[in-house]
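Shown next: final.cif, given as mmCIF, C-alpha atoms.
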```cif
data_entry
#
loop_
_atom_site.label_atom_id
_atom_site.label_comp_id
_atom_site.auth_asym_id
_atom_site.auth_seq_id
_atom_site.Cartn_x
_atom_site.Cartn_y
_atom_site.Cartn_z
CA MET R 1 -35.42 31.65 11.09
CA LEU R 2 -31.77 31.78 9.98
CA ASN R 3 -31.59 35.49 10.87
CA CYS R 4 -33.09 34.71 14.15
CA PHE R 5 -30.51 31.96 14.69
CA ILE R 6 -27.64 34.31 13.70
CA LEU R 7 -29.02 37.07 15.88
CA LYS R 8 -29.49 34.71 18.78
CA ASN R 9 -25.97 33.35 18.40
CA HIS R 10 -24.53 36.82 17.93
CA PHE R 11 -26.32 37.96 21.08
CA SER R 12 -25.19 34.84 22.89
CA PHE R 13 -21.59 35.39 21.71
CA SER R 14 -21.68 39.08 22.72
CA ARG R 15 -23.12 38.23 26.09
CA THR R 16 -20.51 35.51 26.63
CA PHE R 17 -17.76 37.90 25.52
CA VAL R 18 -18.99 40.68 27.82
CA MET R 19 -19.33 38.30 30.75
CA THR R 20 -15.89 36.75 30.15
CA ALA R 21 -14.28 40.19 29.78
CA SER R 22 -16.02 41.44 32.91
CA PHE R 23 -14.95 38.35 34.79
CA ILE R 24 -11.31 38.69 33.69
CA GLY R 25 -11.51 42.40 34.54
CA PHE R 26 -12.93 41.56 37.94
CA ILE R 27 -10.19 39.02 38.59
CA SER R 28 -7.44 41.52 37.64
CA PHE R 29 -9.14 44.24 39.68
CA SER R 30 -9.51 41.97 42.68
CA THR R 31 -5.83 40.92 42.40
CA TYR R 32 -4.69 44.53 42.62
CA ALA R 33 -7.34 45.38 45.19
CA GLN R 34 -6.15 42.51 47.37
CA TYR R 35 -2.85 44.17 48.25
CA PRO R 36 -3.23 47.94 47.83
CA GLY R 37 0.08 49.72 47.24
CA TYR R 38 1.78 46.56 45.94
CA THR R 39 2.69 45.55 42.40
CA SER R 40 3.56 42.10 41.19
CA VAL R 41 7.25 41.07 41.06
CA ASN R 42 7.73 39.59 37.62
CA ASP R 43 11.21 38.14 37.97
CA ILE R 44 10.79 35.88 40.96
CA GLY R 45 14.15 34.21 40.22
CA VAL R 46 16.06 37.43 40.98
CA PHE R 47 14.01 38.05 44.14
CA LYS R 48 14.54 34.46 45.26
CA LYS R 49 18.33 34.81 44.98
CA GLN R 50 18.34 38.15 46.81
CA PHE R 51 15.98 36.86 49.50
CA ALA R 52 18.10 33.75 50.16
CA ALA R 53 21.38 35.73 50.09
CA GLU R 54 20.20 38.51 52.45
CA SER R 55 18.38 36.11 54.80
CA GLY R 56 21.57 34.04 54.87
CA LYS R 57 23.30 36.96 56.61
CA VAL R 58 20.83 36.77 59.50
CA MET R 59 22.32 34.47 62.12
CA SER R 60 19.90 35.34 64.92
CA ILE R 61 16.74 37.34 65.59
CA THR R 62 15.35 38.59 68.90
CA CYS R 63 12.10 40.52 68.80
CA ASP R 64 8.69 41.19 70.33
CA PHE R 65 5.55 40.08 68.56
CA SER R 66 1.88 40.91 68.68
CA GLN R 67 -0.74 38.49 67.40
CA GLU R 68 -4.26 39.51 66.48
CA LYS R 69 -6.79 36.78 65.80
CA THR R 70 -10.01 37.92 64.12
CA LEU R 71 -13.03 35.63 64.27
CA THR R 72 -14.79 37.23 61.33
CA ALA R 73 -18.27 35.69 61.71
CA LEU R 74 -18.40 36.59 65.40
CA ALA R 75 -16.94 40.12 65.05
CA GLU R 76 -14.50 39.14 67.78
CA LYS R 77 -10.80 39.92 68.10
CA ILE R 78 -8.16 38.81 70.55
CA THR R 79 -4.68 40.26 70.77
CA SER R 80 -1.77 38.45 72.42
CA VAL R 81 1.85 39.50 72.79
CA GLY R 82 5.13 37.79 73.45
CA LYS R 83 8.78 37.33 72.54
CA PHE R 84 10.43 35.56 69.63
CA TRP R 85 13.97 34.20 69.33
CA PHE R 86 15.62 32.50 66.36
CA ARG R 87 19.15 31.22 65.91
CA ARG R 88 20.46 29.67 62.73
CA SER R 89 19.92 27.08 61.59
CA ASN R 90 17.05 25.41 63.40
CA LYS R 91 16.51 26.90 66.85
CA LEU R 92 13.34 28.82 67.56
CA ARG R 93 11.49 30.01 70.67
CA LEU R 94 8.00 31.56 70.62
CA GLU R 95 6.79 32.72 74.02
CA TYR R 96 3.31 34.19 74.58
CA THR R 97 3.25 36.29 77.74
CA LYS R 98 -0.11 38.12 77.67
CA PRO R 99 -3.02 37.61 78.11
CA PHE R 100 -2.13 33.92 78.45
CA ILE R 101 1.09 31.99 78.91
CA TYR R 102 2.21 29.58 76.20
CA LEU R 103 5.65 28.50 75.05
CA ILE R 104 6.98 26.65 72.00
CA ILE R 105 10.68 25.76 71.67
CA MET R 106 12.04 24.06 68.57
CA ASN R 107 15.60 22.82 68.64
CA GLY R 108 16.45 20.50 65.76
CA ASP R 109 14.27 17.41 66.13
CA LYS R 110 13.24 18.30 69.66
CA MET R 111 10.20 20.37 70.49
CA LEU R 112 8.72 21.57 73.77
CA VAL R 113 5.20 22.92 74.19
CA ARG R 114 4.18 24.34 77.58
CA ASP R 115 0.74 25.74 78.48
CA ASN R 116 -0.56 26.93 81.83
CA GLN R 117 -1.03 23.33 83.03
CA LYS R 118 1.51 20.98 81.50
CA GLU R 119 4.49 20.63 79.24
CA ASN R 120 4.83 18.28 76.30
CA ARG R 121 8.16 17.13 74.89
CA ILE R 122 7.79 16.02 71.31
CA ASN R 123 10.19 14.30 68.96
CA VAL R 124 9.44 16.13 65.71
CA LYS R 125 10.50 13.03 63.74
CA SER R 126 7.54 11.12 65.21
CA SER R 127 4.91 13.25 63.48
CA LYS R 128 4.68 14.35 59.85
CA LEU R 129 2.54 17.34 60.84
CA PHE R 130 5.10 18.58 63.38
CA GLN R 131 7.85 18.11 60.79
CA GLN R 132 5.83 20.20 58.36
CA VAL R 133 5.09 22.96 60.90
CA ASN R 134 8.74 23.00 62.02
CA ARG R 135 9.98 23.22 58.42
CA ILE R 136 7.55 26.01 57.44
CA MET R 137 8.43 28.17 60.47
CA ILE R 138 12.17 27.76 59.92
CA ASP R 139 11.85 28.27 56.12
CA CYS R 140 9.90 31.51 56.65
CA VAL R 141 12.61 32.91 58.92
CA GLN R 142 15.57 31.61 56.91
CA GLY R 143 14.29 32.84 53.55
CA ASN R 144 13.93 29.37 51.99
CA ILE R 145 10.15 29.45 51.79
CA LEU R 146 10.21 30.10 48.01
CA ASP R 147 11.83 26.68 47.58
CA SER R 148 9.17 25.01 49.69
CA LYS R 149 7.11 22.27 48.05
CA ASP R 150 4.35 22.95 50.57
CA PHE R 151 3.25 26.18 48.81
CA THR R 152 2.88 27.93 45.50
CA THR R 153 4.02 31.52 46.00
CA ARG R 154 3.29 34.88 44.34
CA VAL R 155 5.52 37.83 45.16
CA PHE R 156 4.51 41.52 45.29
CA GLU R 157 6.49 44.63 46.19
CA SER R 158 6.04 48.16 47.48
CA GLY R 159 8.66 50.85 48.22
CA THR R 160 9.50 49.38 51.62
CA THR R 161 8.20 45.83 51.64
CA PHE R 162 8.02 42.56 49.75
CA LEU R 163 4.85 40.52 50.12
CA LEU R 164 4.82 36.75 49.63
CA GLU R 165 1.41 35.19 49.16
CA MET R 166 1.74 31.48 49.84
CA THR R 167 -1.03 29.06 48.87
CA PRO R 168 -0.78 25.58 50.41
CA VAL R 169 -0.43 22.70 47.99
CA SER R 170 -1.15 19.78 50.32
CA LYS R 171 -4.72 18.98 51.41
CA THR R 172 -3.60 18.86 55.06
CA LEU R 173 -2.38 22.46 55.06
CA HIS R 174 -5.18 23.66 52.77
CA GLU R 175 -7.74 22.60 55.38
CA PHE R 176 -6.24 25.09 57.82
CA PHE R 177 -5.03 27.90 55.56
CA GLN R 178 -6.39 29.45 52.39
CA THR R 179 -3.24 31.57 52.12
CA ILE R 180 -0.35 32.62 54.33
CA VAL R 181 0.88 36.13 53.59
CA LEU R 182 4.42 36.95 54.67
CA THR R 183 5.71 40.54 54.48
CA VAL R 184 9.44 41.11 54.38
CA ASP R 185 11.38 44.33 55.06
CA ARG R 186 13.23 45.50 51.90
CA LYS R 187 15.96 46.93 54.12
CA ASP R 188 17.24 43.67 55.65
CA TYR R 189 14.87 41.01 54.24
CA SER R 190 13.64 40.14 57.73
CA ALA R 191 10.00 39.14 58.30
CA LYS R 192 7.69 42.04 59.28
CA SER R 193 4.44 40.10 59.60
CA ILE R 194 2.69 36.82 58.88
CA ALA R 195 -1.04 36.71 58.13
CA MET R 196 -2.72 33.31 58.22
CA ASN R 197 -6.00 33.37 56.31
CA GLU R 198 -8.30 30.48 57.16
CA PRO R 199 -10.87 29.00 54.75
CA MET R 200 -13.83 30.18 56.88
CA GLY R 201 -12.56 33.79 56.81
CA ASP R 202 -10.80 33.97 60.19
CA ILE R 203 -7.45 35.78 60.13
CA THR R 204 -4.43 35.63 62.43
CA LEU R 205 -1.93 38.47 61.96
CA ILE R 206 1.44 38.25 63.71
CA LYS R 207 3.60 41.40 63.64
CA PHE R 208 7.28 41.32 64.58
CA GLU R 209 8.56 44.47 66.32
CA HIS R 210 11.74 45.81 67.95
CA LYS R 211 13.90 43.39 65.95
CA LYS R 212 17.50 42.85 66.94
CA LEU R 213 19.48 40.97 64.30
CA ASN R 214 22.68 38.98 64.83
CA GLU R 215 22.95 39.52 68.56
CA PRO R 216 24.21 36.55 70.58
CA ILE R 217 21.48 34.38 72.17
CA PRO R 218 22.50 31.89 74.89
CA ASP R 219 21.83 28.16 74.39
CA THR R 220 19.56 28.11 77.46
CA VAL R 221 16.91 30.06 75.52
CA PHE R 222 16.47 27.07 73.22
CA THR R 223 16.80 24.31 75.80
CA PRO R 224 13.65 22.19 75.52
CA MET B 1 1.46 -15.46 92.90
CA ASN B 2 -1.25 -17.91 94.01
CA ARG B 3 -2.02 -15.80 97.05
CA PHE B 4 -2.42 -12.76 94.83
CA LEU B 5 -4.71 -14.67 92.48
CA ILE B 6 -6.92 -15.92 95.37
CA ARG B 7 -7.12 -12.44 96.86
CA TYR B 8 -8.05 -11.07 93.41
CA LEU B 9 -10.76 -13.70 92.94
CA LEU B 10 -12.16 -12.99 96.40
CA LEU B 11 -12.16 -9.25 95.92
CA SER B 12 -13.33 -9.03 92.31
CA PRO B 13 -17.05 -9.77 93.06
CA CYS B 14 -16.93 -6.94 95.64
CA VAL B 15 -15.41 -4.61 93.03
CA LEU B 16 -18.08 -5.73 90.58
CA LEU B 17 -20.83 -5.07 93.15
CA LEU B 18 -19.40 -1.66 93.98
CA SER B 19 -19.23 -0.68 90.32
CA CYS B 20 -22.88 -1.70 89.92
CA THR B 21 -23.97 0.53 92.79
CA SER B 22 -25.90 3.54 91.54
CA ALA B 23 -24.06 6.85 91.88
CA TYR B 24 -27.40 8.46 92.74
CA ARG B 25 -28.70 5.86 95.20
CA SER B 26 -28.54 8.21 98.16
CA LEU B 27 -30.77 10.83 96.50
CA ARG B 28 -34.16 11.35 98.18
CA PRO B 29 -36.94 13.10 96.23
CA ALA B 30 -37.71 16.59 97.52
CA SER B 31 -40.05 19.42 96.62
CA VAL B 32 -38.52 22.02 94.28
CA ASP B 33 -37.31 25.02 96.27
CA THR B 34 -38.19 27.77 93.77
CA ALA B 35 -36.19 30.44 95.63
CA CYS B 36 -33.07 28.25 95.45
CA VAL B 37 -33.73 27.43 91.79
CA SER B 38 -34.08 31.08 90.78
CA LYS B 39 -30.89 31.97 92.66
CA MET B 40 -28.67 29.06 91.62
CA THR B 41 -29.70 27.86 88.15
CA PRO B 42 -26.70 28.23 85.79
CA ARG B 43 -28.48 29.95 82.92
CA SER B 44 -25.63 31.27 80.84
CA ILE B 45 -22.02 32.42 80.77
CA THR B 46 -21.05 36.01 80.04
CA THR B 47 -18.93 36.39 76.88
CA SER B 48 -15.45 35.26 77.95
CA TRP B 49 -12.15 33.78 76.78
CA TYR B 50 -10.73 30.68 78.50
CA GLN B 51 -7.39 28.92 78.24
CA ALA B 52 -8.21 25.25 77.67
CA SER B 53 -6.14 22.32 78.82
CA ILE B 54 -7.34 18.96 77.54
CA ASP B 55 -6.27 15.47 78.57
CA ILE B 56 -7.58 12.54 76.62
CA ALA B 57 -6.27 8.98 76.93
CA ASN B 58 -2.80 10.10 78.11
CA LYS B 59 -2.53 12.75 75.39
CA HIS B 60 -2.43 16.43 76.27
CA LEU B 61 -3.40 19.40 74.15
CA SER B 62 -4.24 23.01 74.82
CA GLY B 63 -5.87 26.00 73.18
CA LEU B 64 -8.26 28.88 73.69
CA VAL B 65 -12.04 28.70 74.07
CA LEU B 66 -14.31 31.64 73.35
CA ILE B 67 -17.84 31.59 74.75
CA LYS B 68 -19.78 34.37 73.08
CA ASN B 69 -23.37 35.54 73.52
CA MET B 70 -24.78 36.55 70.15
CA PRO B 71 -27.37 39.29 69.48
CA ASP B 72 -30.01 36.64 68.55
CA SER B 73 -29.62 35.19 72.10
CA SER B 74 -27.76 32.13 70.81
CA GLN B 75 -24.30 31.24 72.12
CA ARG B 76 -21.16 30.29 70.23
CA VAL B 77 -18.32 28.14 71.55
CA VAL B 78 -15.12 28.43 69.50
CA PHE B 79 -11.95 26.41 70.13
CA THR B 80 -8.71 27.70 68.59
CA SER B 81 -5.03 26.97 69.02
CA GLU B 82 -2.96 29.58 70.87
CA ALA B 83 -1.31 30.41 67.55
CA GLY B 84 -4.68 31.16 66.01
CA VAL B 85 -6.03 28.18 64.02
CA THR B 86 -9.76 27.54 64.57
CA PHE B 87 -10.52 23.89 65.42
CA PHE B 88 -14.29 24.12 65.88
CA ASP B 89 -17.11 26.63 66.11
CA PHE B 90 -20.38 25.42 67.65
CA GLY B 91 -23.66 27.32 67.98
CA PHE B 92 -26.27 26.71 70.72
CA LYS B 93 -29.77 28.15 70.76
CA ARG B 94 -32.12 27.23 73.55
CA PRO B 95 -33.94 24.97 74.07
CA GLU B 96 -32.75 22.39 71.51
CA LYS B 97 -30.91 23.93 68.56
CA PHE B 98 -27.28 23.01 67.91
CA ASN B 99 -25.14 23.92 64.87
CA VAL B 100 -21.64 22.97 63.82
CA HIS B 101 -20.46 26.15 62.05
CA SER B 102 -17.02 24.67 61.38
CA ILE B 103 -14.83 21.79 62.52
CA ILE B 104 -11.49 20.42 61.33
CA LYS B 105 -11.50 17.00 59.67
CA LYS B 106 -9.62 15.27 62.50
CA LEU B 107 -12.40 16.16 64.96
CA ASP B 108 -15.28 15.72 62.53
CA ARG B 109 -16.58 12.46 64.03
CA LYS B 110 -20.14 11.94 65.23
CA ALA B 111 -19.02 10.65 68.64
CA VAL B 112 -16.61 13.56 69.19
CA ILE B 113 -19.19 16.19 68.21
CA LYS B 114 -21.93 14.59 70.36
CA THR B 115 -19.64 14.41 73.39
CA LEU B 116 -18.52 18.03 73.05
CA GLN B 117 -22.09 19.18 72.33
CA LYS B 118 -23.38 17.56 75.55
CA ASP B 119 -20.45 18.89 77.61
CA PHE B 120 -20.89 22.47 76.46
CA GLU B 121 -24.71 22.30 76.73
CA LEU B 122 -24.30 21.34 80.38
CA LEU B 123 -21.67 24.04 80.91
CA LEU B 124 -23.96 26.68 79.35
CA GLY B 125 -26.90 25.46 81.45
CA VAL B 126 -28.95 24.60 78.33
CA PRO B 127 -30.75 21.57 79.90
CA PHE B 128 -32.04 23.71 82.76
CA SER B 129 -34.05 25.92 80.40
CA ARG B 130 -36.19 22.87 79.56
CA TYR B 131 -39.39 21.95 81.39
CA GLY B 132 -39.60 19.27 84.05
CA LEU B 133 -37.17 20.34 86.74
CA GLN B 134 -37.10 17.87 89.63
CA SER B 135 -35.39 18.02 92.99
CA TRP B 136 -33.61 15.55 95.28
CA ARG B 137 -31.69 15.87 98.48
CA THR B 138 -28.82 14.15 100.28
CA GLN B 139 -27.58 14.97 103.75
CA GLU B 140 -25.10 17.46 102.31
CA GLU B 141 -26.49 18.70 99.02
CA ASN B 142 -29.51 19.71 96.93
CA PHE B 143 -29.79 18.19 93.46
CA PHE B 144 -31.93 19.86 90.76
CA GLY B 145 -32.26 17.91 87.51
CA VAL B 146 -33.93 17.74 84.13
CA THR B 147 -34.25 14.30 82.51
CA GLN B 148 -34.08 13.78 78.77
CA LYS B 149 -33.50 10.55 76.84
CA LYS B 150 -32.52 8.40 79.85
CA GLU B 151 -30.00 10.98 81.09
CA THR B 152 -30.42 13.60 83.76
CA ALA B 153 -28.55 16.90 83.88
CA TYR B 154 -28.09 18.17 87.45
CA PHE B 155 -26.96 21.35 89.12
CA ILE B 156 -25.96 20.73 92.69
CA THR B 157 -25.91 23.21 95.54
CA ASP B 158 -24.87 22.92 99.17
CA LYS B 159 -27.55 22.04 101.75
CA ASP B 160 -28.37 25.67 102.53
CA CYS B 161 -28.44 26.78 98.90
CA GLY B 162 -25.54 29.15 99.55
CA SER B 163 -23.35 28.07 96.64
CA LEU B 164 -23.45 26.16 93.35
CA ARG B 165 -21.08 23.21 93.85
CA ARG B 166 -21.02 21.44 90.49
CA LEU B 167 -22.96 20.28 87.46
CA GLU B 168 -23.41 16.64 86.53
CA ARG B 169 -24.89 14.46 83.85
CA GLY B 170 -25.66 10.79 84.31
CA THR B 171 -28.05 7.91 83.82
CA LYS B 172 -30.03 6.40 86.72
CA ARG B 173 -27.02 4.31 87.71
CA LYS B 174 -23.94 6.02 86.33
CA ARG B 175 -22.45 9.44 86.79
CA LYS B 176 -21.07 10.27 83.33
CA VAL B 177 -19.76 13.83 83.49
CA SER B 178 -19.19 16.37 86.24
CA ILE B 179 -18.23 20.03 85.98
CA GLN B 180 -16.49 21.55 88.99
CA ILE B 181 -16.83 25.31 89.32
CA MET B 182 -13.92 27.10 90.99
CA GLY B 183 -13.34 30.71 91.97
CA ARG B 184 -16.11 33.05 90.95
CA GLY B 185 -19.30 31.24 89.89
CA TYR B 186 -21.91 31.77 87.18
CA PRO B 187 -22.40 33.82 85.03
CA LEU B 188 -18.63 34.47 84.95
CA PRO B 189 -16.94 31.34 86.30
CA ASP B 190 -13.15 31.58 86.75
CA THR B 191 -12.31 27.89 86.32
CA LEU B 192 -14.40 25.03 85.00
CA ASN B 193 -13.21 21.46 85.23
CA ILE B 194 -15.09 19.02 82.99
CA THR B 195 -14.39 15.40 83.98
CA HIS B 196 -15.74 12.33 82.20
CA HIS B 197 -16.20 9.36 84.52
CA THR B 198 -16.70 6.66 81.91
CA PHE B 199 -13.53 7.29 79.87
CA PRO B 200 -10.32 9.28 80.44
CA PHE B 201 -11.25 12.73 79.15
CA GLN B 202 -10.84 15.99 81.01
CA ILE B 203 -11.15 19.63 79.94
CA ARG B 204 -9.93 22.41 82.25
CA LEU B 205 -11.00 25.95 81.33
CA THR B 206 -9.32 28.93 83.01
CA ARG B 207 -10.77 32.37 82.26
CA PHE B 208 -8.47 35.18 81.20
CA GLN B 209 -9.02 38.85 80.48
CA LYS B 210 -8.49 40.07 76.94
CA ASN B 211 -5.96 42.88 76.83
CA ASP B 212 -7.51 44.84 73.99
CA SER B 213 -10.66 46.90 73.90
CA SER B 214 -12.33 45.15 70.97
CA GLN B 215 -15.40 43.01 71.53
#
```

Any chance you could give the structure as structure tokens?
Amino acid sequence: MLNCFILKNHFSFSRTFVMTASFIGFISFSTYAQYPGYTSVNDIGVFKKQFAAESGKVMSITCDFSQEKTLTALAEKITSVGKFWFRRSNKLRLEYTKPFIYLIIMNGDKMLVRDNQKENRINVKSSKLFQQVNRIMIDCVQGNILDSKDFTTRVFESGTTFLLEMTPVSKTLHEFFQTIVLTVDRKDYSAKSIAMNEPMGDITLIKFEHKKLNEPIPDTVFTP
Amino acid sequence: MNRFLIRYLLLSPCVLLLSCTSAYRSLRPASVDTACVSKMTPRSITTSWYQASIDIANKHLSGLVLIKNMPDSSQRVVFTSEAGVTFFDFGFKRPEKFNVHSIIKKLDRKAVIKTLQKDFELLLGVPFSRYGLQSWRTQEENFFGVTQKKETAYFITDKDCGSLRRLERGTKRKRKVSIQIMGRGYPLPDTLNITHHTFPFQIRLTRFQKNDSSQ
């Protein structure tokens, strides 16, 4: 009876040990498998300083972007393209040109949204959600996202790129995004892409191309 | 001021009477023209993307709507923001099945879901796959309708059955929703204008062509 008890407990312990080890192994494997070609950055403090310092040199960005939305359950993809402008410290214009027309301008507390029918002028101060969206977009571009209280962030690196995996902290953001993955060019610390991973498995990947840094952009571009 | 008040008091019973008048009073029962029905019934929409413009109680929002025909013959209606966030994903399988695959918390209200379900069912022509199609006529138009739970869903053609003019849903007395079809018609309508007549809610859908080859 005692032997049986010992044996049973030994078996139970072994099984628990094997399962735990396998589970930990699976977690580590899945972490590496998640971002092939990337390794974890251990000293985030050093990266944070470099990121903020290099991003601080970027006064303006003009570039093209392509956005691919994947509706995973429906095996459906849609690609849109447009132009992106940013000027320090809080002016941003995102203009979709194909296959639909849509414009967002952020200029301090003022925001303009125009679709194919109407335009909406919004005072960002009037809505917490708009304030949050505004802050996240600007933080991503300015390199302050690692200081953001909206996310917990893990940083990975490859030979050419840094990868920031941001997990929303607040319930509001968590409803929309499981993670937001920002890739940053090692060369000039400018954003290469943003992937927004939704809880139901849908993914939106925005790639920034033909970047021109620190070229003058007229005020009219950001006039809401 | 007094003159205005008297005029208001004199006119208000007339307004009241007018508002009580049935929207479908002029309909005369007619025999179902099967040739017209087979030509004009809106049965489905080909898989398409639409830019959506929504006005509700003086608020405006926009986004993209995907209508997709699935291999199991069901249809999915997905509403996303232009920047990519999915707001809702509904599934419709004829004749009666409806599923909410996902919806954001702000929209997850019984009344909102029921309203959108009924609107998109009408738009997809779901009621017209049910039994019991009846027909009425006015001087200008042919009405074909299916009644369920005190409401009738109509598709309305011109007198000669040359074109599908609009879709409607209403009770015996009240027109509740109408869908105007503009440009090319079913199964690939260019523009669909959903108007609610009992509260300020309008959805305008404008079809656009995807510019990638993926399906």

>> Residues of chain B within 10 Å of chain R, counting only C-alpha atoms - could you list those as number ranges by chain?
In response: B: 49-55, 59-64, 66, 68-70, 76, 78, 80, 82-87, 101-102, 104-105, 204, 206-215

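The residue set within 7 Å of Trp136 in chain B, counting all atoms listed in the file and dropping same-chain residues fewer than 6 places from it, reads B:Leu27, B:Arg28, B:Pro29, B:Ala30, B:Asn142, B:Phe143, B:Phe144.
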
> Residues picked by the PyMOL selection byres ((chain B and resi 190) around 10) here, as a VMD selection string?
Replying inline: chain B and resid 48 50 181 to 189 191 to 192 205 to 208

>> If the PyMOL selection byres ((chain B and resi 180) around 7) were run on this exact file, what residues would it hold? Put them as a list in words.
In response: Arg165, Arg166, Leu167, Ser178, Ile179, Ile181, Met182, Leu192, Asn193 and Ile194 of chain B

Okay, now the selection with C-alpha atoms, as a PDB file, in the frame of the given file?
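Wrote result-v5.pdb, looks like this:
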```pdb
ATOM      1  CA  ARG B 165     -21.080  23.210  93.850  1.00  0.00           C
ATOM      2  CA  ARG B 166     -21.020  21.440  90.490  1.00  0.00           C
ATOM      3  CA  LEU B 167     -22.960  20.280  87.460  1.00  0.00           C
ATOM      4  CA  SER B 178     -19.190  16.370  86.240  1.00  0.00           C
ATOM      5  CA  ILE B 179     -18.230  20.030  85.980  1.00  0.00           C
ATOM      6  CA  ILE B 181     -16.830  25.310  89.320  1.00  0.00           C
ATOM      7  CA  MET B 182     -13.920  27.100  90.990  1.00  0.00           C
ATOM      8  CA  LEU B 192     -14.400  25.030  85.000  1.00  0.00           C
ATOM      9  CA  ASN B 193     -13.210  21.460  85.230  1.00  0.00           C
ATOM     10  CA  ILE B 194     -15.090  19.020  82.990  1.00  0.00           C
TER      11      ILE B 194
END
```

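In this comparison, which uses only C-alpha atoms, the residue of R:Leu129, R:Val58, R:Glu165, R:Val155 approaching Gly45 in chain R most closely is R:Val155.
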
>> Going by the chain IDs and residue numbers used in this file, which residues fall under the PyMOL selection byres ((chain B and resi 36) around 10)? Write them as a ChimeraX atom specification.
In response: /B:32-35,37-41,142,144,157,160-163
